[in-house]
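As provided, protein_33.cif (mmCIF, C-alpha atoms) reads as follows.
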```cif
data_work
loop_
_atom_site.group_PDB
_atom_site.id
_atom_site.type_symbol
_atom_site.label_atom_id
_atom_site.label_comp_id
_atom_site.auth_asym_id
_atom_site.auth_seq_id
_atom_site.Cartn_x
_atom_site.Cartn_y
_atom_site.Cartn_z
ATOM 1 C CA MET Q 1 -0.594 7.203 14.374
ATOM 2 C CA ASN Q 2 1.533 8.775 17.002
ATOM 3 C CA LYS Q 3 3.171 12.162 16.543
ATOM 4 C CA LEU Q 4 6.441 10.666 15.295
ATOM 5 C CA ASN Q 5 4.685 8.670 12.588
ATOM 6 C CA ARG Q 6 2.924 11.769 11.290
ATOM 7 C CA GLN Q 7 6.232 13.258 10.229
ATOM 8 C CA ILE Q 8 7.069 12.924 6.547
ATOM 9 C CA PRO Q 9 9.347 9.886 6.117
ATOM 10 C CA SER Q 10 13.038 10.565 5.656
ATOM 11 C CA LEU Q 11 14.858 9.342 2.571
ATOM 12 C CA GLU Q 12 16.150 6.302 4.461
ATOM 13 C CA GLU Q 13 12.665 5.512 5.817
ATOM 14 C CA LEU Q 14 11.283 5.664 2.294
ATOM 15 C CA SER Q 15 14.204 3.944 0.548
ATOM 16 C CA PRO Q 16 16.315 1.678 2.767
ATOM 17 C CA THR Q 17 19.047 1.497 0.080
ATOM 18 C CA LEU Q 18 18.966 5.305 -0.319
ATOM 19 C CA GLY Q 19 18.018 4.918 -3.967
ATOM 20 C CA GLU Q 20 20.601 2.304 -4.929
ATOM 21 C CA ASP Q 21 17.770 -0.122 -5.748
ATOM 22 C CA LEU Q 22 16.111 0.756 -9.074
ATOM 23 C CA ASP Q 23 12.607 0.146 -7.729
ATOM 24 C CA GLU Q 24 13.315 2.410 -4.775
ATOM 25 C CA GLN Q 25 14.431 5.166 -7.153
ATOM 26 C CA GLN Q 26 10.870 5.205 -8.476
ATOM 27 C CA VAL Q 27 9.546 5.316 -4.889
ATOM 28 C CA ILE Q 28 11.720 8.366 -4.208
ATOM 29 C CA GLN Q 29 10.575 10.075 -7.402
ATOM 30 C CA HIS Q 30 6.912 9.494 -6.579
ATOM 31 C CA PHE Q 31 6.793 10.068 -2.817
ATOM 32 C CA PHE Q 32 9.877 11.686 -1.277
ATOM 33 C CA GLY Q 33 8.973 14.809 0.686
ATOM 34 C CA LEU Q 34 5.208 14.528 0.171
ATOM 35 C CA SER Q 35 2.847 15.245 3.031
ATOM 36 C CA GLU Q 36 -0.188 13.014 3.534
ATOM 37 C CA SER Q 37 -2.437 15.455 1.682
ATOM 38 C CA GLU Q 38 0.075 15.855 -1.151
ATOM 39 C CA ALA Q 39 0.307 12.066 -1.456
ATOM 40 C CA LYS Q 40 -3.492 11.782 -1.648
ATOM 41 C CA SER Q 41 -3.565 14.450 -4.351
ATOM 42 C CA THR Q 42 -0.723 12.811 -6.288
ATOM 43 C CA LEU Q 43 -2.372 9.396 -6.107
ATOM 44 C CA SER Q 44 -5.764 10.796 -7.132
ATOM 45 C CA GLN Q 45 -4.204 12.519 -10.124
ATOM 46 C CA ALA Q 46 -2.404 9.308 -11.088
ATOM 47 C CA ARG Q 47 -5.704 7.406 -10.853
ATOM 48 C CA ASP Q 48 -7.442 9.995 -13.023
ATOM 49 C CA ARG Q 49 -4.669 9.640 -15.649
ATOM 50 C CA GLY Q 50 -4.863 5.841 -15.559
ATOM 51 C CA LYS Q 51 -1.363 5.630 -14.043
ATOM 52 C CA LEU Q 52 -2.144 4.570 -10.479
ATOM 53 C CA HIS Q 53 -0.645 1.117 -11.093
ATOM 54 C CA LEU Q 54 2.800 2.742 -11.319
ATOM 55 C CA TYR Q 55 2.378 4.094 -7.801
ATOM 56 C CA ILE Q 56 0.816 0.927 -6.402
ATOM 57 C CA GLU Q 57 3.971 -0.975 -7.348
ATOM 58 C CA ASP Q 58 5.992 1.403 -5.160
ATOM 59 C CA PHE Q 59 4.365 -0.027 -2.038
ATOM 60 C CA ALA Q 60 6.134 -3.353 -2.609
ATOM 61 C CA HIS Q 61 9.498 -1.590 -2.422
ATOM 62 C CA MET Q 62 9.326 1.336 -0.011
ATOM 63 C CA GLY Q 63 10.637 1.192 3.540
ATOM 64 C CA GLU Q 64 8.291 0.195 6.337
ATOM 65 C CA ARG Q 65 7.888 3.721 7.731
ATOM 66 C CA GLY Q 66 7.118 5.072 4.268
ATOM 67 C CA PHE Q 67 4.595 2.282 3.766
ATOM 68 C CA LEU Q 68 2.887 3.086 7.079
ATOM 69 C CA TYR Q 69 2.752 6.777 6.262
ATOM 70 C CA TYR Q 70 1.545 6.613 2.633
ATOM 71 C CA PHE Q 71 -0.560 3.428 2.496
ATOM 72 C CA PRO Q 72 -3.660 5.056 4.047
ATOM 73 C CA ALA Q 73 -3.590 7.649 1.239
ATOM 74 C CA LEU Q 74 -3.553 4.827 -1.307
ATOM 75 C CA VAL Q 75 -6.493 3.102 0.373
ATOM 76 C CA ASP Q 76 -8.425 6.393 0.448
ATOM 77 C CA THR Q 77 -7.700 6.844 -3.257
ATOM 78 C CA ILE Q 78 -9.189 3.502 -4.259
ATOM 79 C CA ALA Q 79 -12.036 3.375 -1.722
ATOM 80 C CA LYS Q 80 -14.612 5.069 -3.966
ATOM 81 C CA ASP Q 81 -13.673 2.903 -6.954
ATOM 82 C CA LEU Q 82 -13.992 -0.184 -4.783
ATOM 83 C CA GLN Q 83 -17.423 0.881 -3.556
ATOM 84 C CA GLU Q 84 -18.468 1.291 -7.194
ATOM 85 C CA GLY Q 85 -17.320 -2.222 -8.063
ATOM 86 C CA ASP Q 86 -13.956 -1.449 -9.690
ATOM 87 C CA LEU Q 87 -11.718 -4.065 -8.098
ATOM 88 C CA ASP Q 88 -8.652 -3.862 -10.333
ATOM 89 C CA ASP Q 89 -6.537 -1.530 -8.208
ATOM 90 C CA ALA Q 90 -7.470 -3.306 -4.972
ATOM 91 C CA ILE Q 91 -6.475 -6.673 -6.470
ATOM 92 C CA THR Q 92 -3.170 -5.195 -7.621
ATOM 93 C CA ILE Q 93 -2.532 -3.747 -4.149
ATOM 94 C CA ALA Q 94 -3.280 -7.104 -2.509
ATOM 95 C CA ASP Q 95 -0.892 -8.815 -4.933
ATOM 96 C CA TYR Q 96 1.911 -6.351 -4.199
ATOM 97 C CA ILE Q 97 1.408 -6.716 -0.454
ATOM 98 C CA CYS Q 98 1.897 -10.452 -0.879
ATOM 99 C CA ILE Q 99 5.110 -9.749 -2.813
ATOM 100 C CA ARG Q 100 6.266 -7.398 -0.082
ATOM 101 C CA TYR Q 101 5.509 -9.887 2.683
ATOM 102 C CA PRO Q 102 6.023 -13.431 1.399
ATOM 103 C CA LYS Q 103 4.021 -16.136 3.141
ATOM 104 C CA HIS Q 104 6.949 -17.183 5.325
ATOM 105 C CA GLN Q 105 7.611 -13.657 6.590
ATOM 106 C CA THR Q 106 5.917 -12.170 9.628
ATOM 107 C CA ILE Q 107 4.294 -8.801 9.010
ATOM 108 C CA PRO Q 108 5.469 -6.191 11.520
ATOM 109 C CA LEU Q 109 2.721 -5.561 14.095
ATOM 110 C CA SER Q 110 2.836 -1.846 13.308
ATOM 111 C CA ILE Q 111 1.486 -2.586 9.832
ATOM 112 C CA HIS Q 112 -1.394 -4.838 10.939
ATOM 113 C CA PRO Q 113 -3.903 -2.000 11.521
ATOM 114 C CA VAL Q 114 -3.160 -0.426 8.137
ATOM 115 C CA LEU Q 115 -3.436 -3.717 6.239
ATOM 116 C CA GLY Q 116 -6.401 -4.810 8.343
ATOM 117 C CA GLY Q 117 -8.328 -1.714 7.286
ATOM 118 C CA PHE Q 118 -7.550 -2.393 3.628
ATOM 119 C CA TYR Q 119 -8.558 -6.036 4.011
ATOM 120 C CA ALA Q 120 -11.866 -5.067 5.682
ATOM 121 C CA LEU Q 121 -12.648 -2.634 2.855
ATOM 122 C CA CYS Q 122 -11.957 -5.310 0.241
ATOM 123 C CA GLU Q 123 -13.883 -7.959 2.170
ATOM 124 C CA LYS Q 124 -16.893 -5.652 2.254
ATOM 125 C CA HIS Q 125 -16.882 -4.778 -1.456
ATOM 126 C CA PHE Q 126 -15.466 -7.801 -3.288
ATOM 127 C CA PRO Q 127 -18.145 -10.076 -4.731
ATOM 128 C CA GLN Q 128 -17.952 -13.666 -3.468
ATOM 129 C CA ARG Q 129 -16.289 -14.972 -6.648
ATOM 130 C CA LYS Q 130 -13.393 -12.503 -6.229
ATOM 131 C CA LYS Q 131 -12.778 -13.082 -2.514
ATOM 132 C CA VAL Q 132 -10.327 -15.849 -3.391
ATOM 133 C CA ARG Q 133 -7.935 -12.991 -4.263
ATOM 134 C CA LEU Q 134 -7.949 -12.015 -0.581
ATOM 135 C CA VAL Q 135 -6.935 -15.405 0.841
ATOM 136 C CA LYS Q 136 -3.186 -14.705 0.722
ATOM 137 C CA LEU Q 137 -3.691 -11.310 2.318
ATOM 138 C CA GLU Q 138 -5.866 -12.804 5.031
ATOM 139 C CA THR Q 139 -3.240 -15.427 5.883
ATOM 140 C CA LEU Q 140 -0.612 -12.706 6.228
ATOM 141 C CA LEU Q 141 -2.762 -10.966 8.831
ATOM 142 C CA VAL Q 142 -3.122 -14.035 11.022
ATOM 143 C CA PRO Q 143 -0.435 -13.963 13.725
ATOM 144 C CA LYS Q 144 2.022 -16.846 13.438
ATOM 145 C CA GLY Q 145 1.473 -19.645 15.922
ATOM 146 C CA GLU Q 146 -2.338 -19.454 15.925
#
```
Could you show the structure in this file as structure tokens?
Amino acid sequence: MNKLNRQIPSLEELSPTLGEDLDEQQVIQHFFGLSESEAKSTLSQARDRGKLHLYIEDFAHMGERGFLYYFPALVDTIAKDLQEGDLDDAITIADYICIRYPKHQTIPLSIHPVLGGFYALCEKHFPQRKKVRLVKLETLLVPKGE
């Protein structure tokens, strides 16, 4: 990330409607003003309480800059679980990414590295029978026109 992207996202970068959308209100409540390390801590605590799914849903609704800033913390949070064979959160994340970026929509190039890293982690740890859950995500990462 460049220096600009390391700054905590503004309210508008986190919630394009400035909280007028109900889903974005939850995004603001969970993430607004958090540093990267605070986000990792918050997500880890949510995972430990069995509430991570509430935060995962936020990634379908937050602004692009917020997504870019906080998504690596989410991936770090689930990486150990994924390595241990717990796929539930990763499957939920993949599903919400597909909601965020419908098949007909082009994913902004700035997000490709972040999603590509998540995809590679899932590809490595998903057993063969579960890899079908990654097909939609994989198609989103293929540049249009290829």
Cut-off 10 Å: closest region 50-138 of chain Q/region 33-38 of chain Q atom pairs per residue, using all atoms listed in the file, as CSV:
```
residue,atom,partner,partner_atom,distance
Q:Tyr69,CA,Q:Glu36,CA,7.4
Q:Tyr70,CA,Q:Glu36,CA,6.7
Q:Phe71,CA,Q:Glu36,CA,9.6
Q:Pro72,CA,Q:Glu36,CA,8.7
Q:Ala73,CA,Q:Glu36,CA,6.8
```
Could you take the residues named above and write them with C-alpha atoms, as a PDB file, keeping the file's coordinate frame?
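The new file again.pdb reads:
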```pdb
ATOM      1  CA  TYR Q  69       2.752   6.777   6.262  1.00  0.00           C
ATOM      2  CA  TYR Q  70       1.545   6.613   2.633  1.00  0.00           C
ATOM      3  CA  PHE Q  71      -0.560   3.428   2.496  1.00  0.00           C
ATOM      4  CA  PRO Q  72      -3.660   5.056   4.047  1.00  0.00           C
ATOM      5  CA  ALA Q  73      -3.590   7.649   1.239  1.00  0.00           C
TER       6      ALA Q  73
END
```
Could you check which of Q:Gly19, Q:Gly85, Q:Gly50, Q:Gly66 is closest to Phe31 (chain Q), using all atoms listed in the file?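 The closest residue to Phe31 (chain Q) is Q:Gly66.
One distance worth recording is that between CA of Cys98 (chain Q) and CA of Val75 (chain Q), which is 16.0 Å.
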Which residues, written as a list in words, have at least one atom at most 9 Å from His112 (chain Q), with all atoms listed in the file counted and residues fewer than 5 positions away on the same chain left out? Ile107, Gly117 and Leu141 of chain Q
Residues within 8 Å of region 51-61 of chain Q, please, as a PyMOL selection string. Count all atoms listed in the file; anything in the same chain fewer than 3 positions from it doesn't count. chain Q and resi 15+23-24+26-27+30+43-44+46-48+67+71+74+89+92-93+96-97+99-100
Could you give me the centre and size, in Å to one decimal, of an axis-aligned box around all listed atoms of region 46-50 of chain Q with 8 Å added on every side, as JSON?
```
{"center_x": -4.9, "center_y": 7.9, "center_z": -13.3, "size_x": 21.0, "size_y": 20.2, "size_z": 20.8}
```
Go through Q:Arg49, Q:Lys40, Q:Arg133, Q:Arg6 and flag the residue nearest Asp95 (chain Q), using all atoms listed in the file for the distances.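 Nearest to Asp95 (chain Q): Q:Arg133.
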Counting only C-alpha atoms, which residue out of Q:Thr77, Q:Ser10, Q:Gln128, Q:Thr17 sits closest to Phe32 (chain Q)? Q:Ser10
Do you know which residues are at most 10 Å from Pro127 (chain Q) counting only C-alpha atoms, after dropping those on the same chain fewer than 5 positions away, and could you put them as a list in words? Gly85, Leu87, Cys122 and Val132 of chain Q
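With the shown file loaded, the PyMOL selection byres ((chain Q and resi 14) around 7) picks out Pro9, Ser10, Leu11, Glu12, Glu13, Ser15, Pro16, Met62, Gly63, Arg65 and Gly66 of chain Q.
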From the set Q:Pro108, Q:Leu68, Q:Ala94, Q:Asp81, which residue has the shortest atom-to-atom contact distance to Leu134 (chain Q), counting all atoms listed in the file? Q:Ala94
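Going from CA of Glu64 (chain Q) over to CA of Ser110 (chain Q), you cover 9.1 Å.
Computed from the coordinates, the CA of His125 (chain Q) to CA of Lys80 (chain Q) distance equals 10.4 Å.
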Of the residues Q:Val142, Q:Val135, Q:Ile28, Q:Ala120, which is the one nearest to Leu82 (chain Q), using only C-alpha atoms?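 Among Q:Val142, Q:Val135, Q:Ile28, Q:Ala120, it is Q:Ala120 that comes nearest to Leu82 (chain Q).
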